[in-house]
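*Asks:* Dropping a structure here in C-alpha cells format, bear with me for questions.
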Amino acid sequence: MNSRERFLATMSFEKPDRAPFLEFGYWSGAVRRWYREGLSWHAGIPTAEEWPDGRAIFHNRMMGAFGSPDDRDVMDCLGMDRAPQRVQFKYFLYPEFPERILEDRGATYVWSDADGALKLESKDRSSMPQWLGWAVSNMEDWQRVKAERLRFSLEGRLPANWDELVVTYRDRDFPLILGDIQGFYGSPRRLLGAERVLYAFYDHPELIRDMINYLADFWIALYDQVLRLVQVDAALIWEDMCYKGGPLISPAMFREFLLPAYKKLIGFLRERGVSHVIVDTDGDCRKLLPLFVEAGVTAVLPFEVTGGQNVVEVRETFPHLGIAGGIDKQALAAGPRAIDEELETKLPFMLQHRGYIPCVDHTVPPDVSWDNFAHYRQRLQDLCQQA
C-alpha cells in the first residue's frame with residue numbers, strides 16, 4: 001500500500017498492510033538538537049533567526065502552515081510514510097492584515113499579525129505571547145471583516161501554481177486534506193481573543209451566532225468551488241477549544257452554538273463525497289467527544305496525555321472514532337524503558353481495534369534526545385509490523 005491507501009484504510013477501520021508511519025510534528029529546537037546528536041543533514045531546516053526554536057516543524061502537513069519547513073530528514077532517516085498534504089489556498093482572511101513590527105524591545109517585540117492581533121512576544125518564540133489587541137471588538141468590526149476579508153470567492157486566494165497543483169492532486173500517492181487552521185470556535189477566538197471570545201458567548205451571543213453561521217456558509221461556498229476541481233481524502237476542522245481541565249466552553253454551549261454549524265458543514269462534505277472529517281483540539285476533550293460524533297466527525301487528534309487523555313479508554317468508549325496521537329511525549333524524554341512501557345501499554349490494543357494512527361500527542365519538545373526519539377520510532381514501527 002502507498003501512503004494514501006494506508007491512510008484511507010486506517011480511517012475507514014479496514015485492515016491496512018500496517019499502521020501509517022506518521023508524526024504530528026516537532027519543535028524546531030528539537031530538530032536542531034537532533035542534528036547535533038546524529039541526525040544526518042540533507043534537506044535541513046531554516047536558521048533559528050528565520051524559524052525560531054519555539055516554532056513547529058511538521059511531518060503531518062495536515063497541521064503545518066503553508067510555506068513552513070517540514071521534517072524531511074527525520075522522515076527519510078526513520079522510514080516514515082509520505083506525509084498528508086493540505087489543499088493549498090487561503091482558507092480564512094483575505095486579504096490578511098499586514099504583519100508589522102511596531103516596537104523592538106530587545107529580546108521581545110510588539111507586532112501585529114495576519115489576523116489583526118497585537119502581540120508582545122519573545123523573538124525566539126520560546127513562550128506564549130502576551131496578547132494586547134484583536135481585530136474584532138464588536139458587531140461593527142465583524143461586519144467590516146466579513147465585507148472586506150471573508151468574501152465568498154476564491155479570487156486572490158489560490159496560489160500562483162494552482163493549475164499545477166490540481167494535476168498533482170489528481171495523480172497522488174499521499175493523503176490530501178481539505179482545511180487549515182480554522183474552525184467554528186478556533187476562528188472566532190483568533191479574531192476576538194482567547195478570553196474575550198468566552199465572555200462573548202454570554203455577553204454578545206448574537207455576535208457569536210453570526211460569526212459561526214457566517215463561517216459555515218463561507219467555507220461551504222469556498223469548498224464547493226474547490227471540490228469541483230479536486231477530490232480530497234478528508235477534511236480538517238481546527239478548534240483547540242480545550243485545556244488540561246476540560247473544554248473551554250460547556251457541552252451545552254457547544255450544542256447550542258457550534259453543533260448546527262458542524263452538521264451543516266459536514267452534511268455538505270458528505271454530499272460532495274468527503275467521508276472523513278478530522279477535528280484537531282488540544283487538552284482534555286472527552287466531554288466534547290459525544291458531540292463531535294453526533295456532528296459527524298470521524299476522527300480526532302492529538303489526545304494529549306497531560307490533558308488526562310488515554311487513547312485506550314477513548315477507544316473503549318468510542319469504538320468507531322478514528323484516533324491519531326496519544327503517545328506521551330514525556331515518556332520519550334524519560335528514556336527507552338519508559339518508551340517501551342508506553343508503547344506496549346497502548347499499541348497492541350489500539351492496533352487490534354483499528355482506526356488508529358500512532359504518534360506523539362503533540363509536537364515533540366527539545367528535551368527528547370535523538371537517541372530516544374529514534375528508539376521510540378523503531379519500537380513503534382516494530383510493534384506495527386508485528387500487529
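To be explicit about the labels: the chains of the C-alpha cells are called A, B, and onward in the order shown, and within each one the residues are counted from 1, while ligands get numbers from 1 in the order they are shown.
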When you look at region 94-111 of chain A with a cut-off of 8 Å (counting only C-alpha atoms), what residues show up, excluding the ones that are within fewer than 6 positions of it in the same chain? I need them as a list in words.

*Replies:* Leu118, Lys119, Leu120, Glu121, Ser122, Lys123, Glu148, Arg149, Leu150, Gly156 and Arg157 of chain A

*Asks:* Generate the output file for the selected residues, N, CA and C atoms, as a compact mmCIF listing (two decimals), in the first residue's frame.

*Replies:*
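Final output, again.txt:
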```
# COMPACT_ATOMS: atom_id res chain seq x y z
N LEU A 118 -2.64 42.11 18.02
CA LEU A 118 -1.46 42.84 18.50
C LEU A 118 -0.85 42.03 19.63
N LYS A 119 0.47 41.72 19.52
CA LYS A 119 1.10 40.79 20.47
C LYS A 119 2.46 41.32 20.93
N LEU A 120 2.76 41.04 22.19
CA LEU A 120 4.11 41.19 22.74
C LEU A 120 4.69 39.79 22.82
N GLU A 121 5.81 39.55 22.14
CA GLU A 121 6.30 38.17 22.01
C GLU A 121 7.82 38.15 22.06
N SER A 122 8.37 37.05 22.61
CA SER A 122 9.82 36.87 22.59
C SER A 122 10.27 36.54 21.18
N LYS A 123 11.43 36.98 20.80
CA LYS A 123 11.89 36.79 19.44
C LYS A 123 12.17 35.34 19.11
N GLU A 148 -14.83 42.86 3.99
CA GLU A 148 -13.53 43.15 3.38
C GLU A 148 -12.64 41.92 3.22
N ARG A 149 -12.80 40.91 4.11
CA ARG A 149 -11.80 39.84 4.15
C ARG A 149 -12.38 38.42 4.14
N LEU A 150 -13.70 38.28 4.10
CA LEU A 150 -14.32 36.96 4.08
C LEU A 150 -15.39 36.88 3.00
N GLY A 156 -8.00 35.63 -5.73
CA GLY A 156 -6.86 36.02 -4.91
C GLY A 156 -6.46 35.00 -3.87
N ARG A 157 -7.28 33.99 -3.65
CA ARG A 157 -7.00 33.01 -2.60
C ARG A 157 -6.15 31.83 -3.08
```

*Asks:* Show me, as a ChimeraX atom specification, the residues that have an atom within 12 Å of Tyr91 (chain A) when counting only C-alpha atoms, minus same-chain residues fewer than 6 positions from it.

*Replies:* /A:65-66,149-159,178-183,187,215,218-223,226,236-238

*Asks:* Grab the residues selected above and save them as a PDB file, in the first residue's frame with N, CA and C atoms.

*Replies:*
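Dumped everything to out.pdb:
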```pdb
ATOM      1  N   ALA A  65       1.644  25.104   8.599  1.00  0.00           N
ATOM      2  CA  ALA A  65       1.258  26.281   7.825  1.00  0.00           C
ATOM      3  C   ALA A  65       1.915  26.237   6.452  1.00  0.00           C
ATOM      4  N   PHE A  66       1.216  26.720   5.417  1.00  0.00           N
ATOM      5  CA  PHE A  66       1.793  26.739   4.086  1.00  0.00           C
ATOM      6  C   PHE A  66       3.067  27.581   4.102  1.00  0.00           C
ATOM      7  N   ARG A 149     -12.801  40.915   4.105  1.00  0.00           N
ATOM      8  CA  ARG A 149     -11.798  39.843   4.150  1.00  0.00           C
ATOM      9  C   ARG A 149     -12.377  38.423   4.135  1.00  0.00           C
ATOM     10  N   LEU A 150     -13.696  38.275   4.095  1.00  0.00           N
ATOM     11  CA  LEU A 150     -14.321  36.956   4.085  1.00  0.00           C
ATOM     12  C   LEU A 150     -15.395  36.881   3.002  1.00  0.00           C
ATOM     13  N   ARG A 151     -15.008  37.261   1.797  1.00  0.00           N
ATOM     14  CA  ARG A 151     -15.939  37.210   0.674  1.00  0.00           C
ATOM     15  C   ARG A 151     -16.027  35.785   0.124  1.00  0.00           C
ATOM     16  N   PHE A 152     -17.189  35.417  -0.394  1.00  0.00           N
ATOM     17  CA  PHE A 152     -17.433  34.051  -0.875  1.00  0.00           C
ATOM     18  C   PHE A 152     -16.818  33.836  -2.260  1.00  0.00           C
ATOM     19  N   SER A 153     -15.563  34.098  -2.400  1.00  0.00           N
ATOM     20  CA  SER A 153     -14.903  33.999  -3.701  1.00  0.00           C
ATOM     21  C   SER A 153     -13.488  33.474  -3.519  1.00  0.00           C
ATOM     22  N   LEU A 154     -13.012  32.691  -4.488  1.00  0.00           N
ATOM     23  CA  LEU A 154     -11.626  32.220  -4.480  1.00  0.00           C
ATOM     24  C   LEU A 154     -10.677  33.228  -5.134  1.00  0.00           C
ATOM     25  N   GLU A 155     -11.200  34.325  -5.621  1.00  0.00           N
ATOM     26  CA  GLU A 155     -10.342  35.299  -6.286  1.00  0.00           C
ATOM     27  C   GLU A 155      -9.256  35.792  -5.324  1.00  0.00           C
ATOM     28  N   GLY A 156      -8.000  35.626  -5.731  1.00  0.00           N
ATOM     29  CA  GLY A 156      -6.858  36.018  -4.913  1.00  0.00           C
ATOM     30  C   GLY A 156      -6.463  34.998  -3.869  1.00  0.00           C
ATOM     31  N   ARG A 157      -7.281  33.989  -3.652  1.00  0.00           N
ATOM     32  CA  ARG A 157      -6.997  33.009  -2.597  1.00  0.00           C
ATOM     33  C   ARG A 157      -6.150  31.828  -3.083  1.00  0.00           C
ATOM     34  N   LEU A 158      -6.096  31.613  -4.393  1.00  0.00           N
ATOM     35  CA  LEU A 158      -5.390  30.458  -4.943  1.00  0.00           C
ATOM     36  C   LEU A 158      -3.912  30.787  -5.168  1.00  0.00           C
ATOM     37  N   PRO A 159      -3.008  29.820  -4.942  1.00  0.00           N
ATOM     38  CA  PRO A 159      -1.588  30.067  -5.200  1.00  0.00           C
ATOM     39  C   PRO A 159      -1.319  30.201  -6.692  1.00  0.00           C
ATOM     40  N   LEU A 178      -8.535  18.671   3.099  1.00  0.00           N
ATOM     41  CA  LEU A 178      -9.154  19.968   2.885  1.00  0.00           C
ATOM     42  C   LEU A 178      -9.342  20.638   4.240  1.00  0.00           C
ATOM     43  N   GLY A 179      -8.745  21.807   4.428  1.00  0.00           N
ATOM     44  CA  GLY A 179      -8.868  22.501   5.711  1.00  0.00           C
ATOM     45  C   GLY A 179      -7.551  23.103   6.145  1.00  0.00           C
ATOM     46  N   ASP A 180      -7.640  24.066   7.037  1.00  0.00           N
ATOM     47  CA  ASP A 180      -6.464  24.784   7.510  1.00  0.00           C
ATOM     48  C   ASP A 180      -6.638  25.009   9.002  1.00  0.00           C
ATOM     49  N   ILE A 181      -5.929  25.948   9.548  1.00  0.00           N
ATOM     50  CA  ILE A 181      -6.011  26.255  10.968  1.00  0.00           C
ATOM     51  C   ILE A 181      -7.236  27.135  11.197  1.00  0.00           C
ATOM     52  N   GLN A 182      -8.436  26.529  11.056  1.00  0.00           N
ATOM     53  CA  GLN A 182      -9.658  27.283  11.221  1.00  0.00           C
ATOM     54  C   GLN A 182     -10.782  26.373  11.709  1.00  0.00           C
ATOM     55  N   GLY A 183     -11.710  26.951  12.467  1.00  0.00           N
ATOM     56  CA  GLY A 183     -12.829  26.186  12.992  1.00  0.00           C
ATOM     57  C   GLY A 183     -13.887  27.124  13.551  1.00  0.00           C
ATOM     58  N   SER A 187     -11.638  29.957  14.967  1.00  0.00           N
ATOM     59  CA  SER A 187     -11.537  31.186  14.169  1.00  0.00           C
ATOM     60  C   SER A 187     -12.101  32.407  14.898  1.00  0.00           C
ATOM     61  N   LEU A 215     -19.427  31.754   9.029  1.00  0.00           N
ATOM     62  CA  LEU A 215     -18.263  30.949   8.678  1.00  0.00           C
ATOM     63  C   LEU A 215     -18.678  29.624   8.055  1.00  0.00           C
ATOM     64  N   PHE A 218     -19.541  30.477   4.579  1.00  0.00           N
ATOM     65  CA  PHE A 218     -18.315  30.913   3.904  1.00  0.00           C
ATOM     66  C   PHE A 218     -17.490  29.715   3.448  1.00  0.00           C
ATOM     67  N   TRP A 219     -17.233  28.756   4.365  1.00  0.00           N
ATOM     68  CA  TRP A 219     -16.419  27.600   3.988  1.00  0.00           C
ATOM     69  C   TRP A 219     -17.149  26.698   3.003  1.00  0.00           C
ATOM     70  N   ILE A 220     -18.441  26.550   3.137  1.00  0.00           N
ATOM     71  CA  ILE A 220     -19.183  25.766   2.153  1.00  0.00           C
ATOM     72  C   ILE A 220     -19.043  26.393   0.771  1.00  0.00           C
ATOM     73  N   ALA A 221     -19.129  27.707   0.678  1.00  0.00           N
ATOM     74  CA  ALA A 221     -19.001  28.392  -0.612  1.00  0.00           C
ATOM     75  C   ALA A 221     -17.615  28.180  -1.214  1.00  0.00           C
ATOM     76  N   LEU A 222     -16.562  28.305  -0.397  1.00  0.00           N
ATOM     77  CA  LEU A 222     -15.206  28.092  -0.914  1.00  0.00           C
ATOM     78  C   LEU A 222     -14.976  26.633  -1.267  1.00  0.00           C
ATOM     79  N   TYR A 223     -15.368  25.723  -0.377  1.00  0.00           N
ATOM     80  CA  TYR A 223     -15.135  24.301  -0.610  1.00  0.00           C
ATOM     81  C   TYR A 223     -15.893  23.810  -1.841  1.00  0.00           C
ATOM     82  N   VAL A 226     -13.712  24.547  -4.753  1.00  0.00           N
ATOM     83  CA  VAL A 226     -12.502  23.723  -4.789  1.00  0.00           C
ATOM     84  C   VAL A 226     -12.832  22.285  -5.157  1.00  0.00           C
ATOM     85  N   LEU A 236     -10.442  18.793   7.505  1.00  0.00           N
ATOM     86  CA  LEU A 236      -9.908  19.108   8.827  1.00  0.00           C
ATOM     87  C   LEU A 236     -10.619  20.323   9.405  1.00  0.00           C
ATOM     88  N   ILE A 237     -10.988  20.244  10.684  1.00  0.00           N
ATOM     89  CA  ILE A 237     -11.510  21.377  11.439  1.00  0.00           C
ATOM     90  C   ILE A 237     -10.608  21.566  12.652  1.00  0.00           C
ATOM     91  N   TRP A 238     -10.074  22.772  12.804  1.00  0.00           N
ATOM     92  CA  TRP A 238      -9.155  23.064  13.918  1.00  0.00           C
ATOM     93  C   TRP A 238      -9.887  23.890  14.964  1.00  0.00           C
TER      94      TRP A 238
END
```

*Asks:* Out of A:Lys346, A:Ala216, A:Thr168, A:Gly355, which residue has the shortest atom-to-atom distance to His276 (chain A) when counting only C-alpha atoms?

*Replies:*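 Under the stated criterion, the closest residue is A:Gly355.
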
*Asks:* DSSP says strand (DSSP E or B) for which residues of region 292-343 of chain A? Put them as a ChimeraX atom specification?

*Replies:* /A:299-302,322-324,327

*Asks:* For region 247-263 of chain A, find every residue with an atom within 8 Å (counting only C-alpha atoms), except residues of its own chain fewer than 3 positions away, and show them as a PyMOL selection string.

*Replies:* chain A and resi 184-185+198+208-209+212-213+216+241-243+266-267+283-285+287-288+291+295-296

*Asks:* Write the selection just made, keeping C-alpha atoms, as a PDB file, in the first residue's frame?

*Replies:*
```pdb
ATOM      1  CA  PHE A 184     -16.104  27.354  14.493  1.00  0.00           C
ATOM      2  CA  TYR A 185     -14.535  28.094  17.885  1.00  0.00           C
ATOM      3  CA  LEU A 198     -15.501  33.229  26.145  1.00  0.00           C
ATOM      4  CA  ILE A 208     -21.020  34.670  18.218  1.00  0.00           C
ATOM      5  CA  ARG A 209     -24.009  33.189  16.368  1.00  0.00           C
ATOM      6  CA  ILE A 212     -20.315  30.863  13.428  1.00  0.00           C
ATOM      7  CA  ASN A 213     -23.221  30.790  10.985  1.00  0.00           C
ATOM      8  CA  ALA A 216     -20.245  27.778   7.913  1.00  0.00           C
ATOM      9  CA  MET A 241     -11.023  24.537  22.455  1.00  0.00           C
ATOM     10  CA  CYS A 242      -9.875  22.513  25.482  1.00  0.00           C
ATOM     11  CA  TYR A 243      -7.197  22.714  28.178  1.00  0.00           C
ATOM     12  CA  ILE A 266     -20.234  18.111   7.468  1.00  0.00           C
ATOM     13  CA  GLY A 267     -23.536  17.439   5.698  1.00  0.00           C
ATOM     14  CA  GLY A 283      -6.253  19.434  26.027  1.00  0.00           C
ATOM     15  CA  ASP A 284      -8.924  17.214  27.569  1.00  0.00           C
ATOM     16  CA  CYS A 285     -11.724  16.933  25.009  1.00  0.00           C
ATOM     17  CA  LYS A 287     -16.707  15.785  27.336  1.00  0.00           C
ATOM     18  CA  LEU A 288     -16.973  17.018  23.746  1.00  0.00           C
ATOM     19  CA  LEU A 291     -20.932  15.964  20.390  1.00  0.00           C
ATOM     20  CA  ALA A 295     -21.992  16.182  14.429  1.00  0.00           C
ATOM     21  CA  GLY A 296     -20.481  13.613  12.056  1.00  0.00           C
TER      22      GLY A 296
END
```

*Asks:* I want to know what sits within 7 Å of Pro366 (chain A), based on only C-alpha atoms, with residues of the same chain fewer than 5 positions away left out; could you give that as a PDB file with C-alpha atoms, in the first residue's frame?

*Replies:*
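Ended up saving to around_14.pdb:
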```pdb
ATOM      1  CA  TRP A  27       9.638  21.945  17.897  1.00  0.00           C
ATOM      2  CA  GLY A  29      14.675  23.309  18.777  1.00  0.00           C
ATOM      3  CA  ALA A  30      14.209  19.539  18.944  1.00  0.00           C
ATOM      4  CA  ARG A  33      19.264  19.228  18.746  1.00  0.00           C
TER       5      ARG A  33
END
```

*Asks:* Just to confirm, what's the straight-line distance from CA of Gln88 (chain A) to CA of Val31 (chain A) in Å (one decimal)?

*Replies:*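 For CA of Gln88 (chain A) relative to CA of Val31 (chain A), the distance reads 25.2 Å.
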
*Asks:* Could you check how far CA of Pro290 (chain A) sits from CA of Asn310 (chain A), in Å to one decimal?

*Replies:*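 Distance between the two atoms: 15.9 Å.
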
*Asks:* Please identify all polymer residues within 10 Å of Ala374 (chain A), counting only C-alpha atoms, omitting same-chain residues fewer than 6 positions from it, and present them as an MDAnalysis selection string.

*Replies:* chainID A and resid 34 39 74 77:78 332 336 380

*Asks:* Can you write just those residues out, C-alpha atoms, as a PDB file, in the first residue's frame?

*Replies:*
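Below is the file that was written, result-v9.pdb:
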```pdb
ATOM      1  CA  TRP A  34      18.885  16.032  16.733  1.00  0.00           C
ATOM      2  CA  LEU A  39      20.533  13.085  12.527  1.00  0.00           C
ATOM      3  CA  VAL A  74      13.636  12.904  10.087  1.00  0.00           C
ATOM      4  CA  CYS A  77      16.082   8.656   8.185  1.00  0.00           C
ATOM      5  CA  LEU A  78      13.403   6.787  10.131  1.00  0.00           C
ATOM      6  CA  LEU A 332      10.117   9.936  25.124  1.00  0.00           C
ATOM      7  CA  PRO A 336      13.963   3.647  26.498  1.00  0.00           C
ATOM      8  CA  LEU A 380       6.716   1.731  17.400  1.00  0.00           C
TER       9      LEU A 380
END
```

*Asks:* Quick check, in Å to one decimal: how far apart do CA of Pro365 (chain A) and CA of Arg125 (chain A) lie?

*Replies:*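 CA of Arg125 (chain A) lies at a distance of 13.3 Å from CA of Pro365 (chain A).
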
*Asks:* Show me, as number ranges by chain, the residues that have an atom within 12 Å of region 79-85 of chain A when counting only C-alpha atoms, minus same-chain residues fewer than 6 positions from it.

*Replies:* A: 1-8, 18-25, 58-66, 70-73, 165, 168-169, 172-180, 232-236, 357-359, 374, 377-378, 380-382
